[in-house]
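Asker: Here it is: the structure, laid out below.
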Amino acid sequence: MVRVRLAPSPTGTLHIGTARTAVFNWLYARNQKGAFVLRIEDTDKERSKPEYTRNILEGLQWLGLDWDEEPVIQSERIEQHRAAIQTLLDQGLAYRCYASEEELAAMRDAQKAANRAPRYDNRHRNLTPEQEQAYQAEGREAVIRFRIDDNAEIRWNDLVRGPMRWKGADLGGDMVVARRAAADQIGDPLYNLVVVVDDAGMAITHVIRGEDHIANTAKQLLLYEALELPLPTFAHAPLILNAEGRKLSKRDGVTSINDFRAMGYTPEAIANYMTLLGWSVPEGMEERFSLTEAADVFSFDRVNKAGARFDWDKLNWLNAQILHAWSPQQLLETMTPLWEERGWTLTQSTEWKLALCELLGPSLTLLSDGVEQAEPFFACPDLADDAHQQLEVEGARDSLAQLITLIEADPWDGVDHDRTKALLGDAAKAAGVKKGVIMKSLRAALLGRLQGPDLITTWSLLAKIGEDLPRLRRCIS
Ligand code: GLU
């Protein structure tokens with residue numbers, strides 16, 4: 001059975017790269033009727049925080065990426081990690097390196113001065129027992145390094161990138177697998193070792209992660225071999241790039257799923273878009289799909305090798321498609337808390353609020369548009385400059401005054417649209433202006449601006465809550 005995992009480090013909120021990796025893992029697991037499991041990689045004690053774990057789990061849930069088992073907490077598996085390091089030590093595949101930070105820094109400086117790439121020069125690989133004792137007698141601490149043979153040939157068949165080849169010589173020398181500690185201890189185990197022990201321990205069959213981990217995969221393969229563990233299959237998804245083709249970063253403004261949520265994107269649009277970041281739909285399939293629809297047809301041969309450029313227009317298009325397909329009921333449910341956050345009193349009838357959603361729905365790109373556009377329906381707006389200018393047009397105020405007179409003579413409940421149109425025609429005639437003038441002036445008076453949804457429906461909604469006449473009156477006084 002296929003078992004895949006997402007292994008987020010709780011050192012920040014759910015990052016868009018992690019979310020995209022999660023999507024690919026989820027899609028593959030569901031496609032293969034396998035398991036999607038989580039491992040919280042909390043071994044960096046200083047930077048890991050429980051609130052980040054919560055944020056990551058909530059973010060995955062929000063996106064609709066359900067997982068199958070209780071998440072594994074990496075720090076709870078430290079005994080297994082230490083045992084694996086002990087095995088490597090016992091077999092002579094790892095050793096203690098007593099070089100101090102200063103010595104290593106001097107080594108790197110010398111390499112730099114000689115124009116060579118920085119790497120550990122394996123200086124403590126073959127210490128004699130006497131040398132070791134001398135360092136220990138000095139009270140020196142040691143890291144534990146795993147031997148990497150410069151001549152090692154590392155090969156794997158990547159599900160995305162095809163046949164891959166690495167040379168041991170390109171991995172930076174013998175690799176640290178445990179942090180500095182007293183010479184008779186095993187210090188904190190490090191990422192590459194820990195991941196191998198855990199992926200094997202959790203019976204992971206496919207390791208699906210970002211392309212930035214390729215060099216780690218080469219190192220990890222050597223560890224699998226040394227520890228005689230069964231190999232998983234690897235798939236490296238392309239990086240997410242910004243519009244300039246550089247890795248998407250903090251400088252691009254949004255990096256966390258929280259940011260997208262706050263900007264008014266729906267989880268459906270984000271999940272849909274994350275899938276498209278690197279995966280191309282099979283012929284005949286629409287680019288707008290649900291995660292389940294994508295899972296049915298997901299495969300790695302449609303994942304691109306090239307980096308995926310983040311395209312805001314496409315994401316906005318997807319979000320708009322999704323919002324336009326929502327029922328007024330669904331929109332109302334989503335908008336209500338957002339409207340409440342603005343402190344508006346929402347005492348209108350449900351029927352009225354549904355009608356408002358029906359009016360606004362077709363013009364929304366983001367949920368935040370649904371807040372911005374609803375504002376004049378819940379709070380009397382100030383007049384914007386263009387609204388002021390419109391009211392200065394000859395006959396504009398007079399046409400509104402005529403409208404008020406007509407309504408006061410024969411009160412109107414905002415329901416009959418034919419009556420509404422007739423009223424506008426009569427008031428325009430009485431004021432001697434074209435119909436366009438009264439329409440624009442009415443919009444300026446009701447919404448405080450010249451842009452907005454259908455005027456007749458807007459007016460009737462405001463009339464139903466008694467908000468039309470006061471707004472007209474304030475414009476003529
Ligand atoms: N904790 C690592 C990360 O967040 C996991 C990488 C992996 O999937 O092995 O980058």
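FYI, nothing fancy with the structure tokens labels: chains A, B, ... in order, residues from 1 per chain, ligands from 1 as they appear.
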For region 22-28 of chain A, work out the shell of residues within 9 Å, counting only C-alpha atoms and skipping chain neighbours fewer than 3 positions away, then give it as a count of residues only.
Answerer: 38
Asker: Around ligand 1, out to 9 Å and counting only C-alpha atoms and all ligand atoms, which residues are there? I want them as a ChimeraX atom specification.
Answerer: /A:5-11,18,21,39-42,191-192,195-196,199,207-210,212-213,216-217
Asker: Pick the closest to Leu391 (chain A) from A:Leu472, A:Ser290, A:Arg96, A:Trp352: which is it, counting only C-alpha atoms?
Answerer: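 Distance minimum relative to Leu391 (chain A) lands on A:Leu472.
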Asker: Using DSSP on the backbone coordinates, identify the residues of region 36-101 of chain A assigned to alpha helix (DSSP H); present them as an mmCIF file with N, CA and C atoms, in the first residue's frame.
Answerer:
data_model
loop_
_atom_site.group_PDB
_atom_site.id
_atom_site.type_symbol
_atom_site.label_atom_id
_atom_site.label_comp_id
_atom_site.auth_asym_id
_atom_site.auth_seq_id
_atom_site.Cartn_x
_atom_site.Cartn_y
_atom_site.Cartn_z
ATOM 1 N N PRO A 50 4.346 25.285 19.482
ATOM 2 C CA PRO A 50 3.055 24.589 19.353
ATOM 3 C C PRO A 50 2.048 25.392 18.533
ATOM 4 N N GLU A 51 2.093 26.732 18.601
ATOM 5 C CA GLU A 51 1.098 27.500 17.828
ATOM 6 C C GLU A 51 1.323 27.333 16.327
ATOM 7 N N TYR A 52 2.568 27.089 15.928
ATOM 8 C CA TYR A 52 2.810 26.856 14.500
ATOM 9 C C TYR A 52 2.248 25.485 14.083
ATOM 10 N N THR A 53 2.416 24.495 14.962
ATOM 11 C CA THR A 53 1.838 23.180 14.660
ATOM 12 C C THR A 53 0.333 23.334 14.470
ATOM 13 N N ARG A 54 -0.293 24.068 15.382
ATOM 14 C CA ARG A 54 -1.744 24.281 15.274
ATOM 15 C C ARG A 54 -2.087 24.969 13.961
ATOM 16 N N ASN A 55 -1.317 26.004 13.634
ATOM 17 C CA ASN A 55 -1.581 26.758 12.407
ATOM 18 C C ASN A 55 -1.449 25.851 11.175
ATOM 19 N N ILE A 56 -0.446 24.994 11.171
ATOM 20 C CA ILE A 56 -0.223 24.118 10.011
ATOM 21 C C ILE A 56 -1.384 23.127 9.878
ATOM 22 N N LEU A 57 -1.771 22.519 10.999
ATOM 23 C CA LEU A 57 -2.864 21.543 10.941
ATOM 24 C C LEU A 57 -4.176 22.221 10.521
ATOM 25 N N GLU A 58 -4.431 23.409 11.075
ATOM 26 C CA GLU A 58 -5.653 24.130 10.702
ATOM 27 C C GLU A 58 -5.642 24.507 9.227
ATOM 28 N N GLY A 59 -4.486 24.935 8.754
ATOM 29 C CA GLY A 59 -4.354 25.334 7.350
ATOM 30 C C GLY A 59 -4.618 24.165 6.419
ATOM 31 N N LEU A 60 -4.086 22.984 6.781
ATOM 32 C CA LEU A 60 -4.311 21.801 5.938
ATOM 33 C C LEU A 60 -5.794 21.441 5.930
ATOM 34 N N GLN A 61 -6.392 21.526 7.112
ATOM 35 C CA GLN A 61 -7.827 21.228 7.218
ATOM 36 C C GLN A 61 -8.642 22.197 6.369
ATOM 37 N N TRP A 62 -8.276 23.469 6.471
ATOM 38 C CA TRP A 62 -8.987 24.514 5.728
ATOM 39 C C TRP A 62 -8.924 24.233 4.230
ATOM 40 N N LEU A 63 -7.754 23.741 3.775
ATOM 41 C CA LEU A 63 -7.594 23.449 2.351
ATOM 42 C C LEU A 63 -8.318 22.164 1.927
ATOM 43 N N ILE A 78 13.227 10.193 19.432
ATOM 44 C CA ILE A 78 14.661 10.452 19.534
ATOM 45 C C ILE A 78 15.473 9.193 19.861
ATOM 46 N N GLU A 79 14.868 8.255 20.600
ATOM 47 C CA GLU A 79 15.626 7.041 20.934
ATOM 48 C C GLU A 79 15.969 6.250 19.677
ATOM 49 N N GLN A 80 15.013 6.169 18.750
ATOM 50 C CA GLN A 80 15.280 5.467 17.481
ATOM 51 C C GLN A 80 16.387 6.185 16.704
ATOM 52 N N HIS A 81 16.343 7.528 16.735
ATOM 53 C CA HIS A 81 17.369 8.281 15.996
ATOM 54 C C HIS A 81 18.750 8.017 16.590
ATOM 55 N N ARG A 82 18.813 8.051 17.928
ATOM 56 C CA ARG A 82 20.105 7.809 18.599
ATOM 57 C C ARG A 82 20.596 6.397 18.331
ATOM 58 N N ALA A 83 19.654 5.447 18.322
ATOM 59 C CA ALA A 83 20.042 4.041 18.098
ATOM 60 C C ALA A 83 20.653 3.887 16.709
ATOM 61 N N ALA A 84 20.078 4.587 15.722
ATOM 62 C CA ALA A 84 20.613 4.477 14.357
ATOM 63 C C ALA A 84 22.027 5.055 14.306
ATOM 64 N N ILE A 85 22.242 6.153 15.034
ATOM 65 C CA ILE A 85 23.583 6.743 15.040
ATOM 66 C C ILE A 85 24.571 5.797 15.718
ATOM 67 N N GLN A 86 24.101 5.174 16.789
ATOM 68 C CA GLN A 86 24.968 4.214 17.478
ATOM 69 C C GLN A 86 25.354 3.075 16.527
ATOM 70 N N THR A 87 24.391 2.602 15.736
ATOM 71 C CA THR A 87 24.674 1.543 14.760
ATOM 72 C C THR A 87 25.770 1.986 13.794
ATOM 73 N N LEU A 88 25.622 3.220 13.300
ATOM 74 C CA LEU A 88 26.628 3.726 12.348
ATOM 75 C C LEU A 88 28.008 3.786 13.017
ATOM 76 N N LEU A 89 28.021 4.233 14.286
ATOM 77 C CA LEU A 89 29.306 4.306 15.011
ATOM 78 C C LEU A 89 29.897 2.913 15.188
ATOM 79 N N ASP A 90 29.025 1.984 15.601
ATOM 80 C CA ASP A 90 29.498 0.620 15.875
ATOM 81 C C ASP A 90 30.103 -0.016 14.629
ATOM 82 N N GLU A 101 34.662 24.924 16.245
ATOM 83 C CA GLU A 101 34.035 25.863 15.293
ATOM 84 C C GLU A 101 35.110 26.759 14.664
#
Asker: To one decimal in Å, tell me the separation between CA of Pro232 (chain A) and CA of Arg155 (chain A).
Answerer: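 Spanning CA of Pro232 (chain A) to CA of Arg155 (chain A) is a straight-line distance of 13.0 Å.
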Asker: Neighbouring residues of Ala262 (chain A) were defined as those with any atom within 10 Å, considering only C-alpha atoms; residues of the same chain fewer than 5 positions away were excluded. Please report them as a ChimeraX atom specification.
Answerer: /A:257,367-368
Asker: Return the single residue from A:Ala182, A:Val176, A:Ala235, A:Ala218 that is closest to Asp158 (chain A), with distances computed using only C-alpha atoms.
Answerer: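 Counting only C-alpha atoms, the residue closest to Asp158 (chain A) is A:Ala235.
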Asker: Neighbouring residues of Ile322 (chain A) were defined as those with any atom within 12 Å, considering only C-alpha atoms; residues of the same chain fewer than 4 positions away were excluded. Please report them as a list in words.
Answerer: Tyr265, Thr266, Pro267, Glu268, Ala269, Ile270, Ala271, Asn272, Tyr273, Glu287, Arg288, Phe289, Ser290, Leu315, Asn316, Trp317, Leu318, Trp326, Ser327, Gln330, Leu331, Gly361, Pro362, Ser363, Leu364, Thr365, Leu366 and Leu367 of chain A
Asker: Take CA of Cys475 (chain A) and CA of Leu356 (chain A) and report the distance between them in Å, one decimal.
Answerer: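 Pair CA of Cys475 (chain A) / CA of Leu356 (chain A) returns 24.0 Å.
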Asker: My list of candidates is A:Val303, A:Leu332, A:Ile465, A:Leu338. Which is closest to Met263 (chain A) when distances are computed with only C-alpha atoms?
Answerer: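 Looking only at the distances to Met263 (chain A), the closest residue turns out to be A:Leu338.
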Asker: Quick one: residues within 9 Å of Leu462 (chain A), only C-alpha atoms, excluding same-chain residues fewer than 6 positions away - as a list in words?
Answerer: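 Returned residues: Phe377, Gly414, Leu446, Asp468 and Leu469 of chain A.
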Asker: Can you list, as a ChimeraX atom specification, every protein, DNA or RNA residue that comes within 8 Å of Leu450 (chain A) when you count only C-alpha atoms, leaving out same-chain residues fewer than 3 positions away?
Answerer: /A:386-387,440,443-444,447
Asker: What is the CA of Asp184 (chain A)-CA of Phe146 (chain A) distance in Å, reported with one decimal?
Answerer: 17.0 Å
Asker: Got a sec: who's within 9 Å of Val415 (chain A), counting only C-alpha atoms, leaving out chain neighbours fewer than 4 positions off, as a PyMOL selection string?
Answerer: chain A and resi 419-420+460-461+463-464
Asker: So, counting only C-alpha atoms, which residue among A:Arg449, A:Arg119, A:Arg20, A:Arg3 is closest to Leu104 (chain A)?
Answerer: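 Smallest separation from Leu104 (chain A) among the options: A:Arg119.
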Asker: Select, from A:Ser349, A:Gln220, A:Gln389, A:Thr255, the residue with the minimum atom-to-atom distance to Ser441 (chain A), counting only C-alpha atoms.
Answerer: A:Gln389
